[in-house]
Every structure is written in structure tokens, then in C-alpha cells.
file structure39.txt (compact mmCIF, C-alpha atoms)
# COMPACT_ATOMS: atom_id res chain seq x y z
CA MET E 54 -5.69 -154.01 -184.96
CA LYS E 55 -1.94 -153.95 -185.58
CA PHE E 56 0.46 -153.63 -182.67
CA LEU E 57 2.37 -150.35 -182.65
CA SER E 58 5.86 -150.70 -181.22
CA TYR E 59 7.67 -147.65 -179.88
CA GLY E 60 10.16 -147.98 -182.76
CA HIS E 61 10.55 -149.94 -185.98
CA GLN E 62 12.88 -150.08 -188.96
CA TYR E 63 11.77 -149.15 -192.49
CA ILE E 64 13.21 -151.41 -195.19
CA ASP E 65 12.22 -151.12 -198.85
CA GLU E 66 13.09 -153.01 -202.03
CA GLU E 67 16.01 -150.67 -202.76
CA ASP E 68 17.57 -151.68 -199.43
CA ILE E 69 17.01 -155.37 -200.13
CA ARG E 70 18.61 -155.08 -203.60
CA ALA E 71 21.63 -153.29 -202.12
CA VAL E 72 22.24 -156.10 -199.63
CA ALA E 73 21.60 -158.81 -202.22
CA GLU E 74 24.17 -157.22 -204.54
CA VAL E 75 26.83 -157.58 -201.84
CA LEU E 76 25.82 -161.19 -201.17
CA ARG E 77 26.31 -161.95 -204.88
CA GLY E 78 29.68 -160.19 -204.97
CA ASP E 79 33.21 -160.97 -203.85
CA TRP E 80 33.35 -159.02 -200.57
CA LEU E 81 31.28 -159.74 -197.49
CA THR E 82 33.55 -157.82 -195.13
CA GLN E 83 36.50 -155.39 -195.32
CA GLY E 84 35.39 -154.47 -198.81
CA PRO E 85 34.27 -151.42 -200.81
CA SER E 86 30.80 -151.03 -199.29
CA VAL E 87 32.22 -150.00 -195.93
CA ASP E 88 34.41 -147.35 -197.57
CA ALA E 89 31.45 -146.05 -199.58
CA PHE E 90 29.22 -145.89 -196.50
CA GLU E 91 31.86 -144.04 -194.50
CA LYS E 92 32.40 -141.55 -197.32
CA ALA E 93 28.67 -140.86 -197.72
CA PHE E 94 28.26 -140.44 -193.96
CA ALA E 95 31.19 -138.05 -193.66
CA GLU E 96 29.81 -135.97 -196.51
CA TYR E 97 26.40 -135.82 -194.87
CA VAL E 98 27.65 -134.48 -191.52
CA GLY E 99 30.46 -132.43 -193.07
CA THR E 100 33.49 -134.07 -191.45
CA ARG E 101 36.80 -135.22 -192.88
CA HIS E 102 36.36 -138.73 -191.48
CA ALA E 103 33.64 -141.22 -190.59
CA VAL E 104 34.77 -144.57 -189.18
CA ALA E 105 32.28 -147.45 -189.11
CA PHE E 106 31.91 -149.80 -186.14
CA ALA E 107 29.99 -152.99 -185.40
CA ASN E 108 27.47 -151.18 -183.18
CA GLY E 109 26.91 -147.94 -181.29
CA THR E 110 28.55 -149.23 -178.11
CA ALA E 111 31.69 -150.12 -180.06
CA ALA E 112 31.60 -146.63 -181.58
CA LEU E 113 31.56 -145.04 -178.12
CA HIS E 114 34.31 -147.40 -176.94
CA GLY E 115 36.39 -146.43 -179.95
CA ALA E 116 35.75 -142.71 -179.47
CA TYR E 117 36.94 -142.83 -175.85
CA PHE E 118 39.99 -144.83 -176.91
CA ALA E 119 40.82 -142.28 -179.59
CA ALA E 120 40.43 -139.53 -176.98
CA GLY E 121 43.04 -141.29 -174.83
CA VAL E 122 40.87 -142.48 -171.93
CA GLY E 123 42.75 -144.88 -169.66
CA PRO E 124 43.25 -145.76 -165.98
CA GLY E 125 42.89 -142.72 -163.77
CA ASP E 126 41.01 -140.67 -166.37
CA GLU E 127 37.47 -139.40 -165.88
CA VAL E 128 34.54 -139.05 -168.27
CA VAL E 129 31.80 -136.56 -167.37
CA THR E 130 28.39 -137.52 -168.75
CA SER E 131 24.68 -137.75 -168.02
CA PRO E 132 22.98 -140.50 -166.00
CA MET E 133 19.99 -140.18 -168.35
CA THR E 134 21.29 -142.35 -171.16
CA PHE E 135 21.76 -145.96 -172.15
CA ALA E 136 24.43 -147.60 -169.99
CA ALA E 137 26.87 -147.88 -172.91
CA THR E 138 27.70 -144.16 -172.67
CA SER E 139 29.36 -144.65 -169.30
CA ASN E 140 30.28 -148.34 -169.62
CA ALA E 141 32.63 -147.53 -172.51
CA ALA E 142 34.77 -145.45 -170.15
CA LEU E 143 34.96 -148.33 -167.68
CA TYR E 144 36.07 -150.73 -170.42
CA LEU E 145 39.23 -148.62 -170.78
CA GLY E 146 39.96 -148.43 -167.06
CA GLY E 147 38.55 -144.93 -166.73
CA SER E 148 35.92 -143.73 -164.29
CA VAL E 149 32.65 -141.85 -164.69
CA ARG E 150 31.49 -138.63 -163.08
CA PHE E 151 27.80 -138.14 -163.66
CA ALA E 152 26.17 -134.72 -163.76
CA ASP E 153 22.42 -134.23 -163.73
CA MET E 154 20.28 -133.61 -166.79
CA ASP E 155 18.51 -130.36 -167.64
CA PRO E 156 14.72 -130.96 -167.56
CA ALA E 157 14.28 -128.22 -170.18
CA THR E 158 16.31 -130.10 -172.81
CA LEU E 159 16.55 -133.64 -171.36
CA CYS E 160 20.29 -133.43 -172.09
CA LEU E 161 23.31 -133.09 -169.81
CA ASP E 162 23.15 -129.79 -167.92
CA PRO E 163 26.26 -127.75 -168.94
CA GLY E 164 26.44 -125.93 -165.62
CA LYS E 165 26.23 -129.11 -163.57
CA ALA E 166 28.77 -130.78 -165.87
CA LYS E 167 31.27 -127.99 -165.19
CA GLU E 168 30.91 -128.63 -161.45
CA LYS E 169 32.10 -132.24 -161.99
CA ILE E 170 35.28 -131.36 -163.88
CA THR E 171 38.55 -132.19 -162.12
CA SER E 172 42.21 -132.31 -163.07
CA ARG E 173 41.61 -135.89 -164.24
CA THR E 174 38.77 -135.08 -166.65
CA LYS E 175 39.76 -136.53 -170.02
CA VAL E 176 36.39 -136.45 -171.81
CA ILE E 177 33.15 -134.51 -171.56
CA ALA E 178 30.41 -136.60 -173.18
CA PRO E 179 27.07 -134.84 -173.60
CA VAL E 180 24.18 -136.99 -174.83
CA SER E 181 21.77 -135.55 -177.40
CA PHE E 182 18.88 -137.33 -175.72
CA ALA E 183 15.90 -138.39 -177.86
CA GLY E 184 17.35 -136.46 -180.80
CA TYR E 185 17.44 -133.03 -179.12
CA PRO E 186 20.79 -131.37 -180.03
CA ALA E 187 22.72 -130.80 -176.81
CA ASP E 188 24.18 -127.32 -176.20
CA MET E 189 27.51 -127.96 -177.86
CA ALA E 190 28.78 -124.38 -177.55
CA ALA E 191 28.64 -124.57 -173.75
CA PHE E 192 30.37 -127.94 -173.71
CA ARG E 193 33.07 -126.79 -176.15
CA GLU E 194 33.84 -123.91 -173.81
CA ALA E 195 34.02 -126.23 -170.79
CA ALA E 196 36.25 -128.70 -172.65
CA ALA E 197 38.58 -125.94 -173.80
CA GLU E 198 38.94 -124.59 -170.26
CA CYS E 199 40.03 -127.93 -168.81
CA GLY E 200 41.79 -129.43 -171.84
CA ALA E 201 39.28 -132.27 -172.21
CA VAL E 202 38.19 -133.98 -175.41
CA LEU E 203 34.55 -133.37 -176.39
CA VAL E 204 32.78 -136.61 -177.38
CA GLU E 205 29.12 -136.27 -178.31
CA ASP E 206 26.92 -139.31 -177.84
CA ALA E 207 24.63 -138.70 -180.82
CA CYS E 208 23.26 -142.23 -180.99
CA HIS E 209 19.78 -140.65 -180.83
CA ALA E 210 20.52 -137.68 -183.05
CA LEU E 211 21.45 -138.58 -186.62
CA GLY E 212 19.86 -135.96 -188.85
CA ALA E 213 19.55 -133.39 -186.05
CA LYS E 214 20.97 -129.90 -186.57
CA ARG E 215 22.18 -126.90 -184.64
CA GLY E 216 21.18 -124.07 -186.92
CA ARG E 217 22.44 -125.28 -190.30
CA THR E 218 25.17 -127.48 -188.84
CA PRO E 219 24.45 -131.21 -188.73
CA VAL E 220 25.06 -133.03 -185.47
CA GLY E 221 28.34 -134.89 -185.91
CA LYS E 222 30.42 -131.89 -186.94
CA GLU E 223 30.95 -129.83 -183.79
CA ALA E 224 32.44 -132.20 -181.22
CA ASP E 225 35.98 -133.59 -181.42
CA LEU E 226 34.42 -137.03 -181.87
CA THR E 227 30.75 -137.94 -182.35
CA ALA E 228 29.28 -141.43 -181.97
CA PHE E 229 26.17 -142.73 -183.77
CA SER E 230 24.12 -145.93 -183.66
CA PHE E 231 22.29 -147.79 -186.43
CA HIS E 232 20.13 -150.10 -184.31
CA PRO E 233 16.79 -150.88 -186.06
CA VAL E 234 14.85 -148.31 -184.00
CA LYS E 235 17.23 -145.48 -184.95
CA HIS E 236 16.88 -143.06 -187.88
CA ILE E 237 18.64 -145.42 -190.27
CA THR E 238 19.65 -149.01 -189.66
CA THR E 239 22.38 -151.40 -190.68
CA GLY E 240 20.85 -154.14 -188.51
CA GLU E 241 23.54 -153.44 -185.93
CA GLY E 242 26.18 -150.82 -186.51
CA GLY E 243 27.74 -147.55 -185.44
CA MET E 244 29.89 -144.68 -186.69
CA VAL E 245 32.29 -142.11 -185.28
CA THR E 246 32.84 -138.82 -187.08
CA THR E 247 35.81 -136.49 -186.61
CA ASP E 248 37.83 -133.85 -188.41
CA SER E 249 41.05 -135.07 -186.80
CA ASP E 250 43.37 -137.26 -188.84
CA GLU E 251 44.97 -138.53 -185.63
CA TYR E 252 41.67 -139.53 -184.05
CA ALA E 253 40.55 -141.23 -187.27
CA GLU E 254 43.75 -143.27 -187.38
CA ARG E 255 43.30 -144.36 -183.77
CA LEU E 256 39.67 -145.29 -184.42
CA ARG E 257 40.58 -147.49 -187.39
CA LEU E 258 43.39 -149.14 -185.42
CA PHE E 259 41.11 -149.82 -182.46
CA ARG E 260 38.31 -151.44 -184.47
CA THR E 261 40.76 -153.88 -186.14
CA HIS E 262 42.46 -155.59 -183.19
CA GLY E 263 44.91 -152.70 -182.82
CA ILE E 264 46.67 -154.07 -185.91
CA THR E 265 48.02 -152.04 -188.83
CA LYS E 266 48.95 -153.33 -192.27
CA ASP E 267 50.41 -150.00 -193.39
CA PRO E 268 54.23 -150.28 -193.71
CA SER E 269 54.62 -146.52 -193.27
CA LYS E 270 53.07 -146.73 -189.80
CA MET E 271 55.01 -149.76 -188.54
CA GLU E 272 57.59 -149.38 -185.81
CA GLY E 273 59.74 -152.23 -187.11
CA GLU E 274 61.02 -153.08 -190.57
CA PRO E 275 58.32 -155.01 -192.51
CA ASP E 276 59.26 -158.57 -193.51
CA GLY E 277 57.27 -158.20 -196.69
CA PRO E 278 53.86 -157.19 -198.07
CA TRP E 279 52.19 -159.66 -195.68
CA SER E 280 53.55 -157.90 -192.58
CA THR E 281 51.24 -156.65 -189.83
CA GLU E 282 51.87 -155.05 -186.43
CA MET E 283 49.67 -154.98 -183.36
CA GLN E 284 50.29 -151.54 -181.87
CA ALA E 285 47.43 -151.32 -179.36
CA LEU E 286 44.99 -153.57 -177.57
CA GLY E 287 42.11 -153.22 -179.98
CA PHE E 288 38.98 -155.19 -180.74
CA ASN E 289 37.28 -156.83 -183.69
CA TYR E 290 34.73 -154.05 -184.09
CA ARG E 291 34.52 -154.04 -187.88
CA LEU E 292 31.26 -153.49 -189.77
CA SER E 293 30.62 -155.99 -192.58
CA ASP E 294 29.95 -154.99 -196.18
CA ILE E 295 26.49 -156.55 -195.85
CA HIS E 296 25.61 -154.12 -193.07
CA ALA E 297 27.32 -151.21 -194.79
CA ALA E 298 25.38 -151.77 -198.01
CA LEU E 299 22.12 -151.49 -196.08
CA GLY E 300 23.37 -148.34 -194.34
CA LEU E 301 24.44 -146.73 -197.61
CA SER E 302 21.00 -147.39 -199.09
CA GLN E 303 19.26 -146.08 -195.98
CA MET E 304 21.32 -142.85 -196.06
CA LYS E 305 19.54 -141.89 -199.28
CA LYS E 306 16.28 -141.75 -197.32
CA LEU E 307 17.58 -140.16 -194.11
CA ASP E 308 16.22 -136.65 -194.70
CA ARG E 309 12.81 -138.10 -195.53
CA PHE E 310 12.91 -140.25 -192.41
CA VAL E 311 13.77 -137.29 -190.16
CA SER E 312 11.18 -135.06 -191.79
CA ARG E 313 8.44 -137.61 -191.11
CA ARG E 314 9.51 -137.98 -187.49
CA LYS E 315 9.17 -134.22 -187.07
CA GLU E 316 5.68 -134.36 -188.58
CA ILE E 317 4.68 -137.12 -186.15
CA ALA E 318 6.05 -135.14 -183.20
CA SER E 319 4.09 -132.07 -184.30
CA LEU E 320 0.90 -134.12 -184.53
CA TYR E 321 1.45 -135.53 -181.04
CA ASP E 322 2.18 -132.05 -179.67
CA GLY E 323 -1.12 -130.74 -181.00
CA LEU E 324 -3.17 -133.73 -179.89
CA PHE E 325 -1.80 -133.58 -176.35
CA SER E 326 -2.02 -129.80 -175.93
CA SER E 327 -5.37 -129.91 -174.11
CA VAL E 328 -4.79 -133.06 -172.03
CA ARG E 329 -4.20 -132.28 -168.38
CA GLY E 330 -1.28 -133.88 -166.55
CA LEU E 331 0.87 -134.45 -169.64
CA GLU E 332 4.15 -132.77 -170.55
CA ILE E 333 5.33 -132.95 -174.14
CA PRO E 334 9.04 -133.14 -175.10
CA PRO E 335 11.07 -129.94 -175.45
CA ARG E 336 10.97 -128.41 -178.91
CA HIS E 337 14.01 -127.53 -181.00
CA GLU E 338 14.10 -126.57 -184.67
CA GLY E 339 16.85 -129.12 -185.27
CA HIS E 340 15.31 -131.95 -183.22
CA ALA E 341 15.54 -135.36 -184.95
CA TYR E 342 13.03 -137.18 -182.69
CA HIS E 343 14.53 -140.60 -182.22
CA LEU E 344 12.09 -140.78 -179.31
CA TYR E 345 8.91 -138.98 -178.34
CA PRO E 346 9.31 -138.94 -174.52
CA LEU E 347 5.95 -137.97 -173.06
CA ARG E 348 5.80 -137.22 -169.33
CA VAL E 349 2.77 -138.42 -167.36
CA PRO E 350 2.05 -138.31 -163.60
CA ALA E 351 4.62 -140.56 -161.92
CA GLU E 352 2.05 -142.39 -159.83
CA ARG E 353 0.17 -143.38 -163.00
CA ARG E 354 3.07 -144.18 -165.34
CA LYS E 355 2.78 -147.97 -164.91
CA GLU E 356 -0.98 -147.78 -165.46
CA PHE E 357 -0.46 -145.87 -168.72
CA ILE E 358 2.05 -148.41 -170.04
CA LEU E 359 -0.01 -151.49 -169.13
CA LYS E 360 -3.25 -150.08 -170.54
CA LEU E 361 -1.54 -149.02 -173.74
CA LYS E 362 -0.19 -152.55 -174.13
CA GLU E 363 -3.69 -153.99 -173.66
CA ARG E 364 -4.81 -151.75 -176.52
CA GLY E 365 -2.02 -152.78 -178.88
CA ILE E 366 0.40 -149.91 -178.27
CA GLY E 367 3.95 -150.49 -177.08
CA GLY E 368 5.08 -147.71 -174.79
CA MET E 369 8.67 -147.97 -173.56
CA VAL E 370 10.69 -146.20 -170.86
CA HIS E 371 14.04 -144.49 -171.63
CA TYR E 372 16.00 -144.99 -169.43
CA PRO E 373 16.56 -146.21 -165.89
CA PRO E 374 19.18 -143.66 -164.73
CA VAL E 375 22.56 -145.36 -165.12
CA HIS E 376 23.70 -144.58 -161.57
CA LEU E 377 20.80 -146.64 -160.18
CA HIS E 378 21.69 -149.87 -161.97
CA PRO E 379 22.87 -152.47 -159.43
CA TYR E 380 26.37 -152.59 -160.95
CA TYR E 381 26.87 -148.86 -160.45
CA ARG E 382 25.29 -148.86 -156.99
CA LYS E 383 27.45 -151.75 -155.75
CA ASN E 384 30.74 -150.71 -157.31
CA PHE E 385 30.60 -146.91 -157.11
CA GLY E 386 28.19 -146.12 -154.28
CA TRP E 387 25.60 -144.19 -156.27
CA LYS E 388 22.17 -144.02 -154.66
CA GLN E 389 18.64 -142.75 -155.08
CA GLY E 390 18.55 -138.97 -154.81
CA ASP E 391 21.99 -138.32 -156.30
CA PHE E 392 20.57 -136.89 -159.54
CA PRO E 393 17.00 -135.72 -158.86
CA ALA E 394 16.26 -134.28 -162.31
CA ALA E 395 17.12 -137.55 -164.05
CA GLU E 396 15.27 -139.61 -161.45
CA THR E 397 12.14 -137.45 -161.66
CA PHE E 398 12.17 -137.60 -165.44
CA TYR E 399 12.53 -141.38 -165.37
CA SER E 400 9.59 -141.74 -163.01
CA ARG E 401 7.31 -139.93 -165.47
CA GLU E 402 8.60 -140.86 -168.95
CA ILE E 403 6.90 -142.97 -171.61
CA SER E 404 8.37 -143.25 -175.12
CA LEU E 405 5.43 -143.35 -177.53
CA PRO E 406 5.54 -144.96 -181.00
CA MET E 407 7.86 -142.89 -183.21
CA PHE E 408 9.06 -144.27 -186.54
CA TYR E 409 8.88 -143.48 -190.25
CA GLY E 410 6.15 -146.01 -191.08
CA LEU E 411 3.69 -144.59 -188.52
CA SER E 412 0.60 -143.18 -190.28
CA ASP E 413 -1.41 -140.13 -189.21
CA ASP E 414 -4.21 -142.51 -188.21
CA ASP E 415 -1.74 -144.48 -186.06
CA VAL E 416 -0.70 -141.26 -184.32
CA ALA E 417 -4.33 -140.31 -183.72
CA ARG E 418 -5.00 -143.78 -182.30
CA VAL E 419 -2.09 -143.51 -179.85
CA ALA E 420 -3.15 -140.02 -178.78
CA GLU E 421 -6.77 -141.06 -178.28
CA GLU E 422 -5.77 -143.96 -176.05
CA ILE E 423 -3.50 -141.67 -174.03
CA ARG E 424 -6.37 -139.20 -173.66
CA ARG E 425 -8.78 -141.94 -172.50
CA ILE E 426 -6.35 -143.18 -169.87
CA ALA E 427 -5.63 -139.64 -168.68
CA ASP E 428 -9.33 -138.75 -168.46
CA ALA E 429 -10.12 -141.96 -166.56
CA GLY E 430 -7.78 -140.90 -163.77
call {"tool": "encode", "arguments": {"input": "structure39.txt", "output": "C-alpha cells"}}
result
Amino acid sequence: MKFLSYGHQYIDEEDIRAVAEVLRGDWLTQGPSVDAFEKAFAEYVGTRHAVAFANGTAALHGAYFAAGVGPGDEVVTSPMTFAATSNAALYLGGSVRFADMDPATLCLDPGKAKEKITSRTKVIAPVSFAGYPADMAAFREAAAECGAVLVEDACHALGAKRGRTPVGKEADLTAFSFHPVKHITTGEGGMVTTDSDEYAERLRLFRTHGITKDPSKMEGEPDGPWSTEMQALGFNYRLSDIHAALGLSQMKKLDRFVSRRKEIASLYDGLFSSVRGLEIPPRHEGHAYHLYPLRVPAERRKEFILKLKERGIGGMVHYPPVHLHPYYRKNFGWKQGDFPAAETFYSREISLPMFYGLSDDDVARVAEEIRRIADAG
């Protein structure tokens, strides 16, 4: 019986041909495939700009840089996320103010986020956890009131929508990830979308060592066509043409990928409806279902995961609340009990297999094993 991981990429012959074409060509990096991928991505989410990065963490780092985060500035975000969401603020000398999640959406609670805003709040960074579109209208209002930049961490939410509006359009800056378990993959990669010309320029500068080759943007007089200027402390966060070619090919299948994830989630919802002690993920018409976070009794969560593994099913947990990582405890004084909603969710959560290649029979197999474990309790 095949092992079912919680997530897995889907690569077909079209993807392989796209990558092979780049390998046979003249450009492996800083070439036309990156431009084409960015253009296709911007068109999909409906923004003026999409700027590619080496990975999702780099995309978040770049978004905070573009927003102007620096020493003394604060970023308000959720503790229920991957550590990169908050780490990226620390990289720039900023600090993090966590606000608890909303158990009804699994995303940052807008009301609790407002309570954390101070005169030093530079960025509000809601996370569209598991693919559920965070309440952007509430966060836009909060950002407008305090003059903060709204940066959505949509690394889970490519293909999600709020009404008819794709995630990636409504925040000032939106970060995405293309890790293999995400909706599309470039192997490793990320993207930031924005309608702001200024933010886009800062993003491109940041991902290329802080160096510009554009004579019109140089502060000094260029020596010649070879001239470059380092204008900021940037990083080498470029995406290669090899990765971009894969991403461009995968974009053609994105709607199909998201549609299948929704079908899988609906199957799970139905199969778990009569199982006592389980809580299915919150529903939303525009949910993209990067994850299917099932909640089980906290005292049995480890038992569920170990028994699933014995039966060839790879449950995963997303995530240890960021404030409870040793680094955050030791350096910032966070402790157990600071964010009870996130901590309670973590104690109960199991991410079940959720990926395009999962068959209906695979879903039924996972659900049956969950039911057996639940009934044995």
C-alpha cells in the first residue's frame, strides 16, 4: 500500500519539457522565463506587479523591506504560522507583536490585532492560514487607521478568493510560496504582488543585492553602460529561469489544482461528519485548501499521528506556535498561555493528506483509518 504524505507536488511531462527547454537555451538565470512567470502571475491575481524571489521566506523578507520595516518598527502578526512570517521582521531589525488567532477562521483575529497596534506599528501581516482567505477588509481598516502597510502572508493561499477577487490583490503587498507541497511549485520559490510601482522597485532592488543597473535611477553619474550602484543592503534572492519555467508551466494548471483540493476537502468533510470528537476546518467559498487541518482530542493527537503512520498515512502538525519556539521564549519572554487560541489549536491539529494527485479512494482510506482510531478510543 502506497504511503500518503500530507502534501506532494504534481509534475507532468509538460512541466518537464518546459524546464528542459530552458536547460537547452542560453539563459539559466536572469533571463526571459522569470519575466514571463512574473507577468503571468500578475495577470492571474490582477496586480500591476509580481516580483519573483528564491523562496517564500525571501518573499516575506522583501515585502517587509519594501514596506520600510527597520529598527524600532513593529510587525503585528499571528503566532499560528511558520516562523518565517515573524522572522522576516527580525532580519530587518524590527520587532514582532503577536495577536491571537480566531478559532473560527484559523487566521489572525482582527480585533485582537487592533489591540496590539502602537505608534511604532509599521506592518500588519495577516496570514491566510491553510488557504482560508483572511478578513482583509477588517485589516485594511486597521492599517488605514494607524498608517501601517498591509502585508498578507498568502503562502498557503494561492488560488483562494474573496468573492471574485483573487488573494494577492487586496493587500499593499502579498507574499506567496512555491514549495513542493504548495498549490504550484518551482522547487523552491516565492512571489510578491503589489499595485505600487514604488514597492515593486524596492522589491527588485532588494532581491538583487540592493544593486541597480538602471542609469536613470543612479545617484551618481554613470561611468558607462557597465555601471552599477548598490543603493541598499539587499540579498541575492533571485529566482532562476529553470525554476521560473517550471512555475510558468504549473500556472496553467493552477485552477485545476485548486478545484481538486476543494473536492478532496468536501469529501473529507462528508466522511467525518458523523465521527465524534473531530472538528473539520472552517469552510469558505474561496478557500484554496493548502492544508486540511483536522482537529482531534488533544490528549489523543499523538496517538492519531503514530497510528496513521503505522498504516501508511503521513499526518503532519501545522504549526508549533511561533512564540513558543525556544528562540522566541529566550529572547522575547513569550510563554505558554500567552495566546490560548493558537495553543489550543496546535494541541489538537493534524494536517491530513491534501494534494492534487490524491484519489477518491485515497481520501476514503485516510478517512476510514481516522474513523477506526477515533472509534477505538
call {"tool": "atom_distance", "arguments": {"input": "structure39.txt", "atom1": "atom CA of E:Leu361", "atom2": "atom CA of E:Tyr63"}}
result
23.0 Å
call {"tool": "residues_around", "arguments": {"input": "structure39.txt", "residues": "stretch 275-284 of chain E", "least_positions_apart": "5", "cutoff": "9 Å", "atoms": "all atoms listed in the file", "output": "count of residues only"}}
result
8
call {"tool": "closest_residue", "arguments": {"input": "structure39.txt", "among": "E:Arg329, E:Lys169, E:His371, E:Arg255", "to": "E:His209", "atoms": "all atoms listed in the file"}}
result
E:His371
call {"tool": "residues_near_point", "arguments": {"input": "structure39.txt", "point": "(30.8, -144.8, -187.2)", "cutoff": "6 Å", "atoms": "all atoms listed in the file", "output": "count of residues only"}}
result
8
call {"tool": "atom_distance", "arguments": {"input": "structure39.txt", "atom1": "atom CA of E:His232", "atom2": "atom CA of E:Asn108"}}
result
7.5 Å
call {"tool": "closest_residue", "arguments": {"input": "structure39.txt", "among": "E:Thr174, E:Ser269, E:Ser412, E:Thr238", "to": "E:Leu320", "atoms": "only C-alpha atoms"}}
result
E:Ser412
call {"tool": "atom_distance", "arguments": {"input": "structure39.txt", "atom1": "atom CA of E:Val375", "atom2": "atom CA of E:Lys388"}}
result
10.6 Å
call {"tool": "residues_around", "arguments": {"input": "structure39.txt", "residues": "stretch 131-133 of chain E", "least_positions_apart": "6", "cutoff": "8 Å", "atoms": "only C-alpha atoms", "output": "list of chain:residue names"}}
result
E:Phe151, E:Ala152, E:Asp153, E:Met154, E:Leu159, E:Cys160, E:Leu161, E:Ala178, E:Pro179, E:Val180, E:Phe182, E:Tyr372, E:Pro373, E:Pro374, E:Val375, E:His376, E:Phe392, E:Ala395
call {"tool": "closest_residue", "arguments": {"input": "structure39.txt", "among": "E:Gly240, E:Ala187, E:Leu324, E:Glu127", "to": "E:His296", "atoms": "only C-alpha atoms"}}
result
E:Gly240
call {"tool": "closest_residue", "arguments": {"input": "structure39.txt", "among": "E:Thr239, E:Gln389, E:Ser326, E:Thr227", "to": "E:Ala116", "atoms": "only C-alpha atoms"}}
result
E:Thr227
call {"tool": "closest_residue", "arguments": {"input": "structure39.txt", "among": "E:Glu96, E:Glu316, E:Asp79, E:Asp294", "to": "E:Gly410", "atoms": "all atoms listed in the file"}}
result
E:Glu316
call {"tool": "axis_aligned_box", "arguments": {"input": "structure39.txt", "around": "stretch 290-304 of chain E", "padding_each_side": "6 Å", "output": "AutoDock Vina command-line options"}}
result
--center_x 27.0 --center_y -149.7 --center_z -191.6 --size_x 27.5 --size_y 25.7 --size_z 27.0
call {"tool": "residues_around", "arguments": {"input": "structure39.txt", "residues": "stretch 405-409 of chain E", "least_positions_apart": "5", "cutoff": "9 Å", "atoms": "all atoms listed in the file", "output": "VMD selection string"}}
result
chain E and resid 57 to 63 234 to 236 309 to 314 317 to 318 342 to 347 366 to 370 415 to 416 419
call {"tool": "write_last_selection", "arguments": {"input": "structure39.txt", "atoms": "C-alpha atoms", "output": "CSV table (one decimal), in the frame of the given file"}}
result
chain,number,residue,atom,x,y,z
E,57,LEU,CA,2.4,-150.4,-182.6
E,58,SER,CA,5.9,-150.7,-181.2
E,59,TYR,CA,7.7,-147.6,-179.9
E,60,GLY,CA,10.2,-148.0,-182.8
E,61,HIS,CA,10.6,-149.9,-186.0
E,62,GLN,CA,12.9,-150.1,-189.0
E,63,TYR,CA,11.8,-149.2,-192.5
E,234,VAL,CA,14.8,-148.3,-184.0
E,235,LYS,CA,17.2,-145.5,-185.0
E,236,HIS,CA,16.9,-143.1,-187.9
E,309,ARG,CA,12.8,-138.1,-195.5
E,310,PHE,CA,12.9,-140.2,-192.4
E,311,VAL,CA,13.8,-137.3,-190.2
E,312,SER,CA,11.2,-135.1,-191.8
E,313,ARG,CA,8.4,-137.6,-191.1
E,314,ARG,CA,9.5,-138.0,-187.5
E,317,ILE,CA,4.7,-137.1,-186.2
E,318,ALA,CA,6.0,-135.1,-183.2
E,342,TYR,CA,13.0,-137.2,-182.7
E,343,HIS,CA,14.5,-140.6,-182.2
E,344,LEU,CA,12.1,-140.8,-179.3
E,345,TYR,CA,8.9,-139.0,-178.3
E,346,PRO,CA,9.3,-138.9,-174.5
E,347,LEU,CA,6.0,-138.0,-173.1
E,366,ILE,CA,0.4,-149.9,-178.3
E,367,GLY,CA,4.0,-150.5,-177.1
E,368,GLY,CA,5.1,-147.7,-174.8
E,369,MET,CA,8.7,-148.0,-173.6
E,370,VAL,CA,10.7,-146.2,-170.9
E,415,ASP,CA,-1.7,-144.5,-186.1
E,416,VAL,CA,-0.7,-141.3,-184.3
E,419,VAL,CA,-2.1,-143.5,-179.8
